[in-house]
Amino acid sequence: MTTPIVLIHGLWLTPRSWEGWKARFEQLGHEVLTPAWPRMEGEVEALRRDPSVMNGLGLAEVVDHYERIIRSLDTAPIIMGHSTGGLLMELLLDRGLGAAGVGVSPAPIKGVLRLPPALLRTVFPALRNPANRKRTIPLTPKQFHRGFTNTMNDTDAEAAYARYYVPAPGRVVFEAALANLNPHAVTKVDFHKDDRPPLLVMGNDQDQTIPASVSKAAAKLLGRSKAVVEYKEFAGRPHFTVGAPGWEAVADYALDWASSHVGAPAESVERARV
């Protein structure tokens, strides 16, 4: 019996961004759920027309939403998340949920102190105005290309923007970016949680939104526990690695790793150096 899989999308995207992964995993016999963030159940085109439904949406509401979904399942799933979805996956594992987790360029948890210029450049359109905390934040095609699809040619980048992009809730950007200044940050996790489900953190060396150094720093912090934590870095891949050409190799690696670690107790699997 195969383990179900829950795929969690990130900011400026919707569950549509997982369409290739969902089809690929289903062909292998997995039940695959791609639930939207709360208030984001509509299609890309509808959310572009009226992004106000996301105004004020915060991380606590989103992670609680996914917790309810996962607790409703008969079998603990593999949880995979991209970008802020990867951060949400780490928060869910911290709550003891899931059989294993994979973060694809996860947004930083509280405690990751290194915030490279590339990351700050992507979130600056939101952070430059405090009023944006209650709004949704758009990205132009140029900004999306720079932050998400920088390794793709102009035609493919424009097609990705047209198919996948939606504005993002500003509150989430503020909560994630300013977490290290907030003693009660939603993004705080227990780095010494020994019974955390096995976790794979994946970074991409051409990522201009969550640079690989951020992903690696998160893996090191989470690796302080006795739980299984590994780090894998891909060469030549951008932030939109879930949909950029060659995504199949990333998806296969993620699924192979997660499937081989489902149910693995702490310290039962040799951990890679991070």
# chains A, B, ... in the order shown; residues from 1 in each chain; ligands from 1
>>> residues_around(residues="A:Leu91", least_positions_apart="6", cutoff="8 Å", atoms="only C-alpha atoms", output="ChimeraX atom specification")
/A:63,187-189
>>> select_by_dssp(residues="stretch 122-208 of chain A", states="helix (DSSP H, G or I)", output="ChimeraX atom specification")
/A:122-127,130-134,141-147,154-164,170-177,179-181
>>> closest_atom_pairs(of="stretch 71-114 of chain A", to="stretch 193-212 of chain A", cutoff="8 Å", atoms="only C-alpha atoms", output="Markdown table")
| residue | atom | partner | partner_atom | distance |
| --- | --- | --- | --- | --- |
| A:Ser83 | CA | A:Ile210 | CA | 7.4 |
| A:Leu93 | CA | A:Arg196 | CA | 6.1 |
| A:Asp94 | CA | A:Arg196 | CA | 6.2 |
| A:Gly96 | CA | A:Arg196 | CA | 6.2 |
| A:Leu97 | CA | A:Pro197 | CA | 7.6 |
| A:Gly98 | CA | A:Pro197 | CA | 6.7 |
| A:Ala99 | CA | A:Pro197 | CA | 5.8 |
| A:Ala100 | CA | A:Pro198 | CA | 4.8 |
| A:Gly101 | CA | A:Leu199 | CA | 4.7 |
| A:Val102 | CA | A:Leu200 | CA | 4.7 |
| A:Gly103 | CA | A:Val201 | CA | 4.8 |
| A:Val104 | CA | A:Met202 | CA | 5.0 |
| A:Ser105 | CA | A:Gly203 | CA | 5.0 |
| A:Pro106 | CA | A:Ile210 | CA | 7.2 |
| A:Ala107 | CA | A:Ile210 | CA | 6.5 |
>>> write_last_selection(atoms="all heavy atoms", output="short mmCIF file (atom, residue, chain, number, x, y, z; two decimals), in the first residue's frame")
data_model
loop_
_atom_site.label_atom_id
_atom_site.label_comp_id
_atom_site.auth_asym_id
_atom_site.auth_seq_id
_atom_site.Cartn_x
_atom_site.Cartn_y
_atom_site.Cartn_z
N SER A 83 8.75 26.38 -1.18
CA SER A 83 8.89 27.76 -0.73
C SER A 83 8.17 27.95 0.60
O SER A 83 8.47 27.25 1.57
CB SER A 83 8.37 28.70 -1.82
OG SER A 83 8.73 30.02 -1.57
N LEU A 93 5.38 19.18 10.60
CA LEU A 93 6.21 18.13 11.19
C LEU A 93 6.51 18.43 12.65
O LEU A 93 6.55 17.53 13.50
CB LEU A 93 7.51 17.98 10.40
CG LEU A 93 7.58 16.85 9.37
CD1 LEU A 93 6.49 16.98 8.31
CD2 LEU A 93 8.96 16.77 8.71
N ASP A 94 6.69 19.71 12.96
CA ASP A 94 6.95 20.11 14.34
C ASP A 94 5.76 19.79 15.24
O ASP A 94 5.92 19.59 16.45
CB ASP A 94 7.27 21.60 14.40
CG ASP A 94 7.85 22.04 15.73
OD1 ASP A 94 8.95 21.57 16.08
OD2 ASP A 94 7.19 22.82 16.43
N GLY A 96 4.13 17.12 14.94
CA GLY A 96 4.05 15.67 14.98
C GLY A 96 3.25 15.05 13.85
O GLY A 96 2.91 13.86 13.91
N LEU A 97 2.96 15.82 12.82
CA LEU A 97 2.14 15.33 11.72
C LEU A 97 3.02 14.82 10.57
O LEU A 97 4.14 15.27 10.38
CB LEU A 97 1.23 16.45 11.22
CG LEU A 97 0.26 17.01 12.25
CD1 LEU A 97 -0.41 18.27 11.73
CD2 LEU A 97 -0.78 15.96 12.62
N GLY A 98 2.46 13.90 9.80
CA GLY A 98 3.15 13.40 8.62
C GLY A 98 4.02 12.18 8.91
O GLY A 98 4.47 11.97 10.03
N ALA A 99 4.23 11.39 7.85
CA ALA A 99 5.11 10.23 7.94
C ALA A 99 6.53 10.59 7.54
O ALA A 99 7.50 9.95 7.96
CB ALA A 99 4.58 9.12 7.03
N ALA A 100 6.68 11.62 6.73
CA ALA A 100 7.99 12.15 6.30
C ALA A 100 7.69 13.48 5.62
O ALA A 100 6.58 13.74 5.17
CB ALA A 100 8.71 11.20 5.35
N GLY A 101 8.72 14.33 5.54
CA GLY A 101 8.53 15.64 4.93
C GLY A 101 9.64 15.98 3.97
O GLY A 101 10.80 15.57 4.17
N VAL A 102 9.29 16.72 2.91
CA VAL A 102 10.27 17.22 1.94
C VAL A 102 10.00 18.70 1.73
O VAL A 102 8.87 19.09 1.41
CB VAL A 102 10.17 16.47 0.59
CG1 VAL A 102 11.15 17.07 -0.42
CG2 VAL A 102 10.42 14.98 0.77
N GLY A 103 11.04 19.52 1.90
CA GLY A 103 10.93 20.94 1.64
C GLY A 103 11.73 21.32 0.42
O GLY A 103 12.94 21.08 0.37
N VAL A 104 11.07 21.90 -0.58
CA VAL A 104 11.74 22.34 -1.81
C VAL A 104 11.98 23.84 -1.67
O VAL A 104 11.05 24.64 -1.73
CB VAL A 104 10.87 22.04 -3.05
CG1 VAL A 104 11.63 22.40 -4.32
CG2 VAL A 104 10.43 20.59 -3.07
N SER A 105 13.22 24.23 -1.44
CA SER A 105 13.56 25.64 -1.19
C SER A 105 12.62 26.25 -0.16
O SER A 105 11.94 27.25 -0.44
CB SER A 105 13.52 26.45 -2.49
OG SER A 105 14.53 26.05 -3.37
N PRO A 106 12.54 25.67 1.04
CA PRO A 106 11.59 26.17 2.03
C PRO A 106 11.93 27.58 2.49
O PRO A 106 13.09 27.92 2.69
CB PRO A 106 11.70 25.17 3.18
CG PRO A 106 13.08 24.60 3.04
CD PRO A 106 13.34 24.55 1.57
N ALA A 107 10.89 28.39 2.67
CA ALA A 107 11.08 29.72 3.26
C ALA A 107 11.66 29.55 4.66
O ALA A 107 11.42 28.54 5.32
CB ALA A 107 9.75 30.46 3.30
#
>>> residues_around(residues="stretch 147-149 of chain A", least_positions_apart="4", cutoff="10 Å", atoms="only C-alpha atoms", output="PyMOL selection string")
chain A and resi 12+118-119+121-123+139+141-143+153-154+156-158+160-161+206-210+237-241+243-244
>>> closest_residue(among="A:Asn180, A:Ser215, A:Ser52, A:Ser260", to="A:His82", atoms="only C-alpha atoms")
A:Ser215
>>> residues_around(residues="stretch 13-19 of chain A", least_positions_apart="6", cutoff="8 Å", atoms="only C-alpha atoms", output="ChimeraX atom specification")
/A:7,34-37,40,44,164-168,242-243
>>> closest_residue(among="A:Asn150, A:Asn132, A:Thr3, A:Thr84", to="A:Phe174", atoms="only C-alpha atoms")
A:Asn132
>>> atom_distance(atom1="atom CA of A:Gly58", atom2="atom CA of A:Arg133")
9.4 Å
>>> atom_distance(atom1="atom CA of A:Val172", atom2="atom CA of A:Leu59")
5.7 Å
>>> residues_around(residues="stretch 25-30 of chain A", least_positions_apart="2", cutoff="7 Å", atoms="only C-alpha atoms", output="NGL selection string")
:A and (2-5 or 21-23 or 32)
>>> atom_distance(atom1="atom CA of A:Leu92", atom2="atom CA of A:Ala176")
15.6 Å
>>> closest_residue(among="A:Gly223, A:Thr75, A:Tyr231, A:Pro38", to="A:Asn55", atoms="only C-alpha atoms")
A:Pro38
>>> select_by_dssp(residues="stretch 44-248 of chain A", states="strand (DSSP E or B)", output="compact mmCIF listing (two decimals) with N, CA and C atoms, in the first residue's frame")
# COMPACT_ATOMS: atom_id res chain seq x y z
N ILE A 78 3.03 11.56 3.40
CA ILE A 78 4.25 12.30 3.08
C ILE A 78 3.81 13.72 2.79
N ILE A 79 4.46 14.70 3.43
CA ILE A 79 4.13 16.10 3.20
C ILE A 79 5.27 16.76 2.44
N MET A 80 4.97 17.31 1.29
CA MET A 80 5.97 18.05 0.51
C MET A 80 5.50 19.48 0.35
N GLY A 81 6.43 20.41 0.50
CA GLY A 81 6.08 21.81 0.36
C GLY A 81 7.13 22.58 -0.40
N HIS A 82 6.69 23.53 -1.20
CA HIS A 82 7.60 24.39 -1.97
C HIS A 82 7.58 25.80 -1.41
N ALA A 100 6.68 11.62 6.73
CA ALA A 100 7.99 12.15 6.30
C ALA A 100 7.69 13.48 5.62
N GLY A 101 8.72 14.33 5.54
CA GLY A 101 8.53 15.64 4.93
C GLY A 101 9.64 15.98 3.97
N VAL A 102 9.29 16.72 2.91
CA VAL A 102 10.27 17.22 1.94
C VAL A 102 10.00 18.70 1.73
N GLY A 103 11.04 19.52 1.90
CA GLY A 103 10.93 20.94 1.64
C GLY A 103 11.73 21.32 0.42
N VAL A 104 11.07 21.90 -0.58
CA VAL A 104 11.74 22.34 -1.81
C VAL A 104 11.98 23.84 -1.67
N THR A 136 -2.90 42.25 -0.63
CA THR A 136 -2.21 41.25 -1.42
C THR A 136 -1.15 41.95 -2.28
N ILE A 137 -0.06 41.24 -2.52
CA ILE A 137 1.11 41.84 -3.16
C ILE A 137 1.32 41.23 -4.54
N ALA A 168 0.07 37.59 -3.73
CA ALA A 168 0.30 36.88 -2.48
C ALA A 168 -0.18 37.70 -1.28
N PRO A 169 -0.67 37.05 -0.23
CA PRO A 169 -1.08 37.78 0.98
C PRO A 169 0.12 38.40 1.68
N LEU A 199 12.99 14.21 7.59
CA LEU A 199 12.88 15.45 6.82
C LEU A 199 14.01 15.56 5.81
N LEU A 200 13.66 15.88 4.58
CA LEU A 200 14.61 16.21 3.53
C LEU A 200 14.43 17.66 3.15
N VAL A 201 15.50 18.44 3.21
CA VAL A 201 15.50 19.84 2.76
C VAL A 201 16.27 19.90 1.45
N MET A 202 15.66 20.46 0.41
CA MET A 202 16.30 20.55 -0.90
C MET A 202 16.52 22.02 -1.27
N GLY A 203 17.74 22.33 -1.68
CA GLY A 203 18.09 23.66 -2.13
C GLY A 203 18.45 23.66 -3.60
N ASN A 204 18.45 24.85 -4.20
CA ASN A 204 18.78 25.00 -5.62
C ASN A 204 19.78 26.13 -5.79
N VAL A 229 17.42 14.14 9.40
CA VAL A 229 17.38 15.36 8.61
C VAL A 229 18.49 15.28 7.56
N GLU A 230 18.15 15.44 6.30
CA GLU A 230 19.15 15.42 5.24
C GLU A 230 18.97 16.65 4.35
N TYR A 231 20.07 17.01 3.70
CA TYR A 231 20.06 18.15 2.78
C TYR A 231 20.54 17.69 1.42
N LYS A 232 19.84 18.12 0.37
CA LYS A 232 20.22 17.82 -1.00
C LYS A 232 20.18 19.10 -1.81
N GLU A 233 21.24 19.37 -2.56
CA GLU A 233 21.29 20.58 -3.38
C GLU A 233 21.35 20.21 -4.86
N PHE A 234 20.53 20.91 -5.65
CA PHE A 234 20.48 20.69 -7.09
C PHE A 234 21.19 21.83 -7.81
>>> closest_residue(among="A:Pro183, A:Gly236, A:Pro108, A:Pro130", to="A:Met89", atoms="only C-alpha atoms")
A:Pro108
>>> decode(residues="stretch 132-266 of chain A", atoms="C-alpha atoms", output="JSON list (two decimals), in the first residue's frame")
[["chain", "number", "residue", "atom", "x", "y", "z"],
["A", 132, "ASN", "CA", 0.84, 45.92, 2.62],
["A", 133, "ARG", "CA", 0.47, 43.66, 5.65],
["A", 134, "LYS", "CA", -3.31, 43.79, 5.11],
["A", 135, "ARG", "CA", -3.17, 43.64, 1.32],
["A", 136, "THR", "CA", -2.21, 41.25, -1.42],
["A", 137, "ILE", "CA", 1.11, 41.84, -3.16],
["A", 138, "PRO", "CA", 1.51, 41.52, -6.94],
["A", 139, "LEU", "CA", 4.64, 40.66, -8.87],
["A", 140, "THR", "CA", 5.24, 41.92, -12.39],
["A", 141, "PRO", "CA", 6.33, 39.44, -15.09],
["A", 142, "LYS", "CA", 9.85, 40.86, -14.75],
["A", 143, "GLN", "CA", 9.89, 40.36, -10.97],
["A", 144, "PHE", "CA", 8.52, 36.82, -11.31],
["A", 145, "HIS", "CA", 11.15, 35.99, -13.93],
["A", 146, "ARG", "CA", 13.95, 37.29, -11.72],
["A", 147, "GLY", "CA", 12.75, 35.58, -8.55],
["A", 148, "PHE", "CA", 11.20, 32.34, -9.82],
["A", 149, "THR", "CA", 12.14, 31.46, -13.40],
["A", 150, "ASN", "CA", 15.57, 33.05, -13.88],
["A", 151, "THR", "CA", 17.09, 29.93, -15.52],
["A", 152, "MET", "CA", 14.25, 29.70, -18.06],
["A", 153, "ASN", "CA", 14.13, 31.43, -21.43],
["A", 154, "ASP", "CA", 11.82, 34.41, -21.88],
["A", 155, "THR", "CA", 9.10, 32.45, -23.66],
["A", 156, "ASP", "CA", 8.92, 29.71, -21.03],
["A", 157, "ALA", "CA", 9.13, 32.24, -18.20],
["A", 158, "GLU", "CA", 6.23, 34.24, -19.66],
["A", 159, "ALA", "CA", 4.18, 31.05, -20.04],
["A", 160, "ALA", "CA", 4.86, 30.09, -16.42],
["A", 161, "TYR", "CA", 3.77, 33.53, -15.22],
["A", 162, "ALA", "CA", 0.58, 33.32, -17.28],
["A", 163, "ARG", "CA", -0.33, 29.86, -16.01],
["A", 164, "TYR", "CA", 0.75, 29.87, -12.36],
["A", 165, "TYR", "CA", 1.20, 33.35, -10.88],
["A", 166, "VAL", "CA", -1.25, 34.95, -8.43],
["A", 167, "PRO", "CA", -0.77, 37.86, -5.98],
["A", 168, "ALA", "CA", 0.30, 36.88, -2.48],
["A", 169, "PRO", "CA", -1.08, 37.78, 0.98],
["A", 170, "GLY", "CA", 1.21, 40.44, 2.41],
["A", 171, "ARG", "CA", 0.74, 39.34, 6.01],
["A", 172, "VAL", "CA", 2.52, 36.03, 5.32],
["A", 173, "VAL", "CA", 5.48, 37.88, 3.83],
["A", 174, "PHE", "CA", 5.78, 40.12, 6.90],
["A", 175, "GLU", "CA", 5.43, 37.22, 9.36],
["A", 176, "ALA", "CA", 8.14, 35.17, 7.66],
["A", 177, "ALA", "CA", 10.54, 38.03, 6.98],
["A", 178, "LEU", "CA", 10.35, 39.55, 10.49],
["A", 179, "ALA", "CA", 10.19, 36.32, 12.50],
["A", 180, "ASN", "CA", 13.59, 36.78, 14.13],
["A", 181, "LEU", "CA", 12.34, 40.03, 15.68],
["A", 182, "ASN", "CA", 9.20, 38.40, 17.13],
["A", 183, "PRO", "CA", 9.55, 36.21, 20.26],
["A", 184, "HIS", "CA", 6.17, 34.64, 19.46],
["A", 185, "ALA", "CA", 6.72, 34.11, 15.74],
["A", 186, "VAL", "CA", 4.48, 31.55, 14.06],
["A", 187, "THR", "CA", 7.55, 30.18, 12.26],
["A", 188, "LYS", "CA", 9.25, 29.02, 15.46],
["A", 189, "VAL", "CA", 10.00, 25.29, 15.67],
["A", 190, "ASP", "CA", 11.76, 23.02, 18.15],
["A", 191, "PHE", "CA", 15.24, 22.34, 16.78],
["A", 192, "HIS", "CA", 15.71, 19.57, 19.36],
["A", 193, "LYS", "CA", 12.52, 17.63, 18.62],
["A", 194, "ASP", "CA", 13.88, 14.09, 18.48],
["A", 195, "ASP", "CA", 10.61, 12.48, 17.40],
["A", 196, "ARG", "CA", 10.11, 14.71, 14.37],
["A", 197, "PRO", "CA", 9.26, 12.69, 11.23],
["A", 198, "PRO", "CA", 12.16, 12.26, 8.76],
["A", 199, "LEU", "CA", 12.88, 15.45, 6.82],
["A", 200, "LEU", "CA", 14.61, 16.21, 3.53],
["A", 201, "VAL", "CA", 15.50, 19.84, 2.76],
["A", 202, "MET", "CA", 16.30, 20.55, -0.90],
["A", 203, "GLY", "CA", 18.09, 23.66, -2.13],
["A", 204, "ASN", "CA", 18.78, 25.00, -5.62],
["A", 205, "ASP", "CA", 22.00, 26.78, -6.45],
["A", 206, "GLN", "CA", 20.39, 29.22, -8.94],
["A", 207, "ASP", "CA", 17.49, 30.11, -6.64],
["A", 208, "GLN", "CA", 17.03, 33.89, -6.53],
["A", 209, "THR", "CA", 14.26, 33.86, -3.91],
["A", 210, "ILE", "CA", 15.36, 31.26, -1.33],
["A", 211, "PRO", "CA", 19.08, 30.84, -2.03],
["A", 212, "ALA", "CA", 20.56, 27.43, -1.31],
["A", 213, "SER", "CA", 22.43, 28.87, 1.67],
["A", 214, "VAL", "CA", 19.08, 29.53, 3.38],
["A", 215, "SER", "CA", 17.88, 25.98, 2.78],
["A", 216, "LYS", "CA", 21.15, 24.56, 4.06],
["A", 217, "ALA", "CA", 21.04, 26.76, 7.17],
["A", 218, "ALA", "CA", 17.55, 25.46, 7.98],
["A", 219, "ALA", "CA", 18.70, 21.86, 7.58],
["A", 220, "LYS", "CA", 21.60, 22.49, 9.98],
["A", 221, "LEU", "CA", 19.31, 23.98, 12.62],
["A", 222, "LEU", "CA", 16.76, 21.19, 12.33],
["A", 223, "GLY", "CA", 19.59, 18.65, 12.35],
["A", 224, "ARG", "CA", 20.40, 19.50, 15.97],
["A", 225, "SER", "CA", 17.86, 16.88, 17.00],
["A", 226, "LYS", "CA", 18.22, 13.11, 16.78],
["A", 227, "ALA", "CA", 15.54, 13.04, 14.09],
["A", 228, "VAL", "CA", 16.51, 12.18, 10.51],
["A", 229, "VAL", "CA", 17.38, 15.36, 8.61],
["A", 230, "GLU", "CA", 19.15, 15.42, 5.24],
["A", 231, "TYR", "CA", 20.06, 18.15, 2.78],
["A", 232, "LYS", "CA", 20.22, 17.82, -1.00],
["A", 233, "GLU", "CA", 21.29, 20.58, -3.38],
["A", 234, "PHE", "CA", 20.48, 20.69, -7.09],
["A", 235, "ALA", "CA", 22.68, 22.47, -9.61],
["A", 236, "GLY", "CA", 21.36, 24.87, -12.22],
["A", 237, "ARG", "CA", 17.82, 25.05, -10.87],
["A", 238, "PRO", "CA", 15.71, 28.14, -10.01],
["A", 239, "HIS", "CA", 13.17, 28.82, -7.29],
["A", 240, "PHE", "CA", 10.35, 27.52, -9.50],
["A", 241, "THR", "CA", 12.04, 24.15, -9.56],
["A", 242, "VAL", "CA", 8.70, 22.34, -9.19],
["A", 243, "GLY", "CA", 7.79, 23.44, -12.73],
["A", 244, "ALA", "CA", 11.01, 24.44, -14.47],
["A", 245, "PRO", "CA", 12.36, 22.07, -17.15],
["A", 246, "GLY", "CA", 13.85, 18.98, -15.55],
["A", 247, "TRP", "CA", 11.41, 19.02, -12.62],
["A", 248, "GLU", "CA", 10.90, 15.27, -13.05],
["A", 249, "ALA", "CA", 14.34, 14.46, -11.60],
["A", 250, "VAL", "CA", 13.61, 16.62, -8.54],
["A", 251, "ALA", "CA", 10.20, 15.01, -8.04],
["A", 252, "ASP", "CA", 11.64, 11.51, -8.35],
["A", 253, "TYR", "CA", 14.41, 12.23, -5.86],
["A", 254, "ALA", "CA", 11.92, 13.67, -3.38],
["A", 255, "LEU", "CA", 9.55, 10.72, -3.64],
["A", 256, "ASP", "CA", 12.30, 8.09, -3.52],
["A", 257, "TRP", "CA", 13.80, 9.68, -0.42],
["A", 258, "ALA", "CA", 10.50, 10.13, 1.37],
["A", 259, "SER", "CA", 9.25, 6.64, 0.54],
["A", 260, "SER", "CA", 12.46, 5.08, 1.86],
["A", 261, "HIS", "CA", 12.21, 7.03, 5.12],
["A", 262, "VAL", "CA", 8.52, 6.68, 5.96],
["A", 263, "GLY", "CA", 8.25, 5.49, 9.52],
["A", 264, "ALA", "CA", 11.99, 5.68, 10.15],
["A", 265, "PRO", "CA", 12.64, 6.31, 13.86],
["A", 266, "ALA", "CA", 15.22, 8.82, 15.02]]
